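Heads up, the thing below is written out as structure tokens.
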Amino acid sequence: MTKSVTIVGGGLAGLTLGIGLRQRGVPVTLWEAGRYPHHRVCGEFISGRGLASLERMGLGVGLTAAGAVVARTAAFFSTTSSARPRALPFPALCLSRHVLDELLAQEFCKLGGELRSGERWLGKEFPEGVVRAMGRRAQGDGDGARWFGLKAHVRNVALTADLEMHVAPNGYVGLCRINGDAVNVCGLFRRDGGAKSPDGAGWERLRGQPGSPLHQRLGAVEFDEKSLCAVAGLSLRSHRAGEREEFCVGDAITMIPPVTGNGMSMAFESAELAVEPLTRWSRDEVAWSEAKQMLARRCDTTFARRLAWARCLQILVLSATWQGPLVFLAGRSEWLWRWWFGRTR
């Protein structure tokens, strides 16, 4: 008899894992506290090996049909300077999470998965057969600092590249055009220990400092209020999958700094890596502990170097000393551009 798998968390990793398991005939119940469709803080930018994971699972066509926008260029900006657009070494896809999550949820149900949306998993433990896909773990970064994310959609904004990254001393904001002629505006900001959490005025951070290229883009536009969302307590310290006691996928393992644009890809990749170990456990071919070890080894081998380079890039991007030179070089050095891109994918 095939044993069933319970997935707690219906984000990218949880839904994709559920689809992969159902494609192999594994019974799956997925718990998601929210209801689809809903907005999430996300760059809505799929770049890297995760695209290949989606293709192998037969999901690429659905994204295209849903209106995913192909991104081929990127440009970096500081508060005082800008770099000319450069071609991405490999095209990316941009699609609203509002659309993407619902698309994946529908595919999961179509394959016979049991989706318990609007229901919160009440268990405090993650025993055998239960996968943690709940995303981020709220915590500081060791020095008392915490990160929070803000996201909103806008319209009628002209971009110089398919992806724009605007950096500032305490954070950065990414802009990309998504389906429906909208632009996703997603920012990550640092809040030092003891500082208050962002309030309503915090949304103005997405507009950038007056006089900056970002503020020239967004200073007068109106955010789509339905798309406004926030998340706090983010930790950007990298973790190894082998450190986790539970069977985890996606951000429940670790987060990669969003400046890389690789977070969505890692969610898809980790889900694909988890399908085989869980399928083998479901068929009584391996023990639960062995399935966890298999996934941990695969994830750590796949992501370790990427996370290390991403951490270095995050430090440089947020350094007041290096922001200007990095933006300058990003627009003029093809070698540096491709070098950093390759090491964070």
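Ordering of the structure tokens sets the chain letters (A, B, ...); residue numbers start at 1 within each chain; ligands are numbered from 1 in the order shown.
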
| Members of stretch 93-255 of chain A assigned strand (DSSP E) by DSSP, as a ChimeraX atom specification | /A:93-94,114-117,130-132,146-155,163-168,171-178,182-191,229-234,247-248

Could you please take those selected residues and save N, CA and C atoms as a compact mmCIF listing (two decimals), in the first residue's frame?
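As a result, out-v4.txt now contains:
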```txt
# COMPACT_ATOMS: atom_id res chain seq x y z
N LEU A 93 11.26 34.38 -16.44
CA LEU A 93 9.82 34.53 -16.58
C LEU A 93 9.28 35.33 -15.40
N CYS A 94 8.33 36.23 -15.69
CA CYS A 94 7.73 37.07 -14.65
C CYS A 94 6.22 36.83 -14.65
N GLU A 114 -5.53 16.41 -2.35
CA GLU A 114 -6.50 17.00 -1.42
C GLU A 114 -5.95 18.31 -0.90
N LEU A 115 -6.61 19.39 -1.27
CA LEU A 115 -6.17 20.73 -0.88
C LEU A 115 -7.09 21.27 0.21
N ARG A 116 -6.51 21.54 1.38
CA ARG A 116 -7.28 22.08 2.49
C ARG A 116 -6.90 23.55 2.67
N SER A 117 -7.38 24.38 1.75
CA SER A 117 -7.08 25.81 1.80
C SER A 117 -7.98 26.49 2.82
N VAL A 130 5.10 13.99 7.19
CA VAL A 130 4.68 15.39 7.14
C VAL A 130 5.85 16.26 6.69
N VAL A 131 5.63 17.05 5.64
CA VAL A 131 6.66 17.91 5.06
C VAL A 131 6.41 19.35 5.45
N ARG A 132 7.45 20.02 5.90
CA ARG A 132 7.32 21.45 6.23
C ARG A 132 7.64 22.29 4.99
N ARG A 146 16.67 42.92 11.77
CA ARG A 146 15.66 42.10 11.12
C ARG A 146 15.34 42.69 9.75
N TRP A 147 14.88 41.82 8.87
CA TRP A 147 14.53 42.24 7.52
C TRP A 147 13.02 42.11 7.35
N PHE A 148 12.44 43.04 6.61
CA PHE A 148 11.03 42.92 6.27
C PHE A 148 10.86 43.21 4.78
N GLY A 149 9.85 42.60 4.20
CA GLY A 149 9.59 42.75 2.78
C GLY A 149 8.25 43.43 2.53
N LEU A 150 8.19 44.22 1.47
CA LEU A 150 6.97 44.89 1.04
C LEU A 150 6.77 44.62 -0.45
N LYS A 151 5.52 44.47 -0.86
CA LYS A 151 5.23 44.23 -2.28
C LYS A 151 3.95 44.94 -2.68
N ALA A 152 3.93 45.46 -3.91
CA ALA A 152 2.72 46.06 -4.47
C ALA A 152 2.83 46.05 -5.98
N HIS A 153 1.67 46.12 -6.63
CA HIS A 153 1.63 46.23 -8.09
C HIS A 153 1.24 47.66 -8.48
N VAL A 154 1.79 48.12 -9.58
CA VAL A 154 1.44 49.43 -10.13
C VAL A 154 1.24 49.29 -11.63
N ARG A 155 0.66 50.32 -12.23
CA ARG A 155 0.48 50.34 -13.68
C ARG A 155 1.01 51.66 -14.23
N LEU A 163 13.89 43.93 -15.95
CA LEU A 163 14.09 43.89 -14.50
C LEU A 163 14.94 45.09 -14.10
N GLU A 164 14.47 45.87 -13.12
CA GLU A 164 15.27 46.95 -12.55
C GLU A 164 15.52 46.65 -11.09
N MET A 165 16.77 46.81 -10.64
CA MET A 165 17.12 46.63 -9.23
C MET A 165 17.65 47.96 -8.71
N HIS A 166 16.96 48.53 -7.72
CA HIS A 166 17.34 49.81 -7.15
C HIS A 166 17.86 49.58 -5.73
N VAL A 167 19.11 49.94 -5.49
CA VAL A 167 19.74 49.67 -4.20
C VAL A 167 19.88 50.97 -3.41
N ALA A 168 19.78 50.83 -2.08
CA ALA A 168 19.92 51.95 -1.15
C ALA A 168 20.64 51.42 0.08
N GLY A 171 18.48 48.74 2.08
CA GLY A 171 17.63 47.79 1.38
C GLY A 171 17.67 47.97 -0.11
N TYR A 172 16.77 47.29 -0.80
CA TYR A 172 16.70 47.41 -2.25
C TYR A 172 15.29 47.07 -2.73
N VAL A 173 14.98 47.55 -3.93
CA VAL A 173 13.65 47.36 -4.51
C VAL A 173 13.83 46.86 -5.94
N GLY A 174 13.11 45.79 -6.27
CA GLY A 174 13.13 45.26 -7.62
C GLY A 174 11.83 45.55 -8.34
N LEU A 175 11.92 45.90 -9.62
CA LEU A 175 10.75 46.15 -10.45
C LEU A 175 10.80 45.23 -11.66
N CYS A 176 9.70 44.58 -11.99
CA CYS A 176 9.63 43.81 -13.22
C CYS A 176 8.21 43.82 -13.75
N ARG A 177 8.09 43.80 -15.07
CA ARG A 177 6.78 43.79 -15.69
C ARG A 177 6.21 42.38 -15.64
N ILE A 178 4.98 42.26 -15.22
CA ILE A 178 4.32 40.96 -15.10
C ILE A 178 3.10 40.91 -16.00
N ALA A 182 1.02 44.98 -15.76
CA ALA A 182 1.31 45.55 -14.44
C ALA A 182 2.80 45.44 -14.17
N VAL A 183 3.28 46.18 -13.17
CA VAL A 183 4.67 46.12 -12.74
C VAL A 183 4.68 45.71 -11.27
N ASN A 184 5.44 44.67 -10.95
CA ASN A 184 5.60 44.26 -9.57
C ASN A 184 6.71 45.09 -8.93
N VAL A 185 6.43 45.64 -7.76
CA VAL A 185 7.40 46.42 -6.99
C VAL A 185 7.61 45.70 -5.67
N CYS A 186 8.80 45.13 -5.48
CA CYS A 186 9.04 44.32 -4.29
C CYS A 186 10.33 44.78 -3.63
N GLY A 187 10.27 45.06 -2.34
CA GLY A 187 11.43 45.59 -1.64
C GLY A 187 11.79 44.80 -0.40
N LEU A 188 13.07 44.75 -0.10
CA LEU A 188 13.59 44.16 1.13
C LEU A 188 14.30 45.27 1.90
N PHE A 189 13.95 45.43 3.19
CA PHE A 189 14.48 46.53 3.98
C PHE A 189 14.97 46.03 5.33
N ARG A 190 15.99 46.69 5.84
CA ARG A 190 16.60 46.33 7.10
C ARG A 190 16.01 47.18 8.22
N ARG A 191 15.65 46.51 9.32
CA ARG A 191 15.19 47.21 10.52
C ARG A 191 16.11 46.81 11.66
N CYS A 229 1.11 43.94 0.29
CA CYS A 229 1.33 42.91 1.31
C CYS A 229 2.71 43.08 1.90
N ALA A 230 2.90 42.54 3.09
CA ALA A 230 4.16 42.69 3.81
C ALA A 230 4.49 41.42 4.55
N VAL A 231 5.76 41.25 4.85
CA VAL A 231 6.21 40.12 5.66
C VAL A 231 7.39 40.61 6.49
N ALA A 232 7.45 40.20 7.75
CA ALA A 232 8.51 40.67 8.64
C ALA A 232 9.25 39.48 9.25
N GLY A 233 10.33 39.80 9.96
CA GLY A 233 11.08 38.77 10.66
C GLY A 233 11.88 37.86 9.75
N LEU A 234 12.29 38.35 8.58
CA LEU A 234 13.05 37.53 7.65
C LEU A 234 14.50 37.40 8.10
N PHE A 247 11.52 17.37 7.62
CA PHE A 247 11.65 17.23 6.18
C PHE A 247 11.15 18.54 5.59
N CYS A 248 12.06 19.36 5.04
CA CYS A 248 11.71 20.71 4.61
C CYS A 248 11.96 20.91 3.11
```

Could you give me, as a CSV table (one decimal) with C-alpha atoms, in the first residue's frame, the residues within 9 Å of A:Arg343, counting only C-alpha atoms and dropping anything in the same chain fewer than 4 positions from it?
```
chain,number,residue,atom,x,y,z
A,305,ARG,CA,27.9,27.5,-3.4
A,306,ARG,CA,25.0,29.6,-4.7
A,307,LEU,CA,24.1,30.6,-1.1
A,309,TRP,CA,28.1,33.8,-3.3
A,310,ALA,CA,24.7,35.3,-2.8
A,338,ARG,CA,28.0,37.2,-16.2
A,339,TRP,CA,30.3,36.0,-13.4
```

| query | What is the distance, in Å and to one decimal place, between atom CA of A:Gly58 and atom CA of A:Glu246? | reply | 28.2 Å

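Between A:Ile19 and the candidates A:Glu272, A:Glu334, A:Asp300, A:Glu245, the tightest atom-to-atom separation, counting only C-alpha atoms, involves A:Glu272.
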
Each residue of stretch 47-87 of chain A with at least one atom at most 7 Å from stretch 249-271 of chain A should appear once, together with its nearest atom pair and the corresponding distance in Å (one decimal); atoms considered: only C-alpha atoms; ordering: chain, then increasing residue number; output as a Markdown table.
```
| residue | atom | partner | partner_atom | distance |
| --- | --- | --- | --- | --- |
| A:Ser47 | CA | A:Asn262 | CA | 5.8 |
| A:Gly48 | CA | A:Ser265 | CA | 5.9 |
| A:Arg49 | CA | A:Ser265 | CA | 6.3 |
| A:Gly50 | CA | A:Ser265 | CA | 4.0 |
| A:Leu51 | CA | A:Ser265 | CA | 6.8 |
| A:Ser53 | CA | A:Glu269 | CA | 6.0 |
```

| field | Nearest residue to A:Pro89 from the set A:Arg207, A:Arg72, A:Arg40, A:Lys226 (distances using only C-alpha atoms) | value | A:Arg72

8 Å contact set for A:Arg84, only C-alpha atoms, chain neighbours under 6 positions out, as a PDB file with C-alpha atoms, in the first residue's frame:
```pdb
ATOM      1  CA  ALA A  75      19.553  47.243 -15.073  1.00  0.00           C
ATOM      2  CA  PHE A  76      20.946  48.352 -11.687  1.00  0.00           C
ATOM      3  CA  GLY A 331      26.623  48.573 -16.698  1.00  0.00           C
ATOM      4  CA  ARG A 332      30.107  48.343 -18.175  1.00  0.00           C
TER       5      ARG A 332
END
```

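Each of A:Pro277, A:Gly25, A:Gly14, A:Gly180 was checked against A:Leu95 using only C-alpha atoms; the smallest atom-to-atom distance is that of A:Gly180.
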
| field | Straight-line distance linking atom CA of A:Gly135 with atom CA of A:Pro91, stated in Å to one decimal | value | 26.0 Å

| message | Using only C-alpha atoms for the distances, tell me which of A:Ala308, A:Ala71, A:Leu228, A:Ile315 is nearest to A:Thr344. | response | A:Ala308

| said: Please return, as a ChimeraX atom specification, all residues of stretch 52-298 of chain A that DSSP assigns to helix (DSSP H, G or I) on the basis of the backbone. | reply: /A:52-56,60-65,97-110,179-181,200-207,213-218,225-227,241-243,250-252,258-260,263-282,288-298

| field | From A:Ala287, A:Leu21, A:Leu218, A:Ser96, residue lying nearest A:Arg205 [only C-alpha atoms] | value | A:Leu218
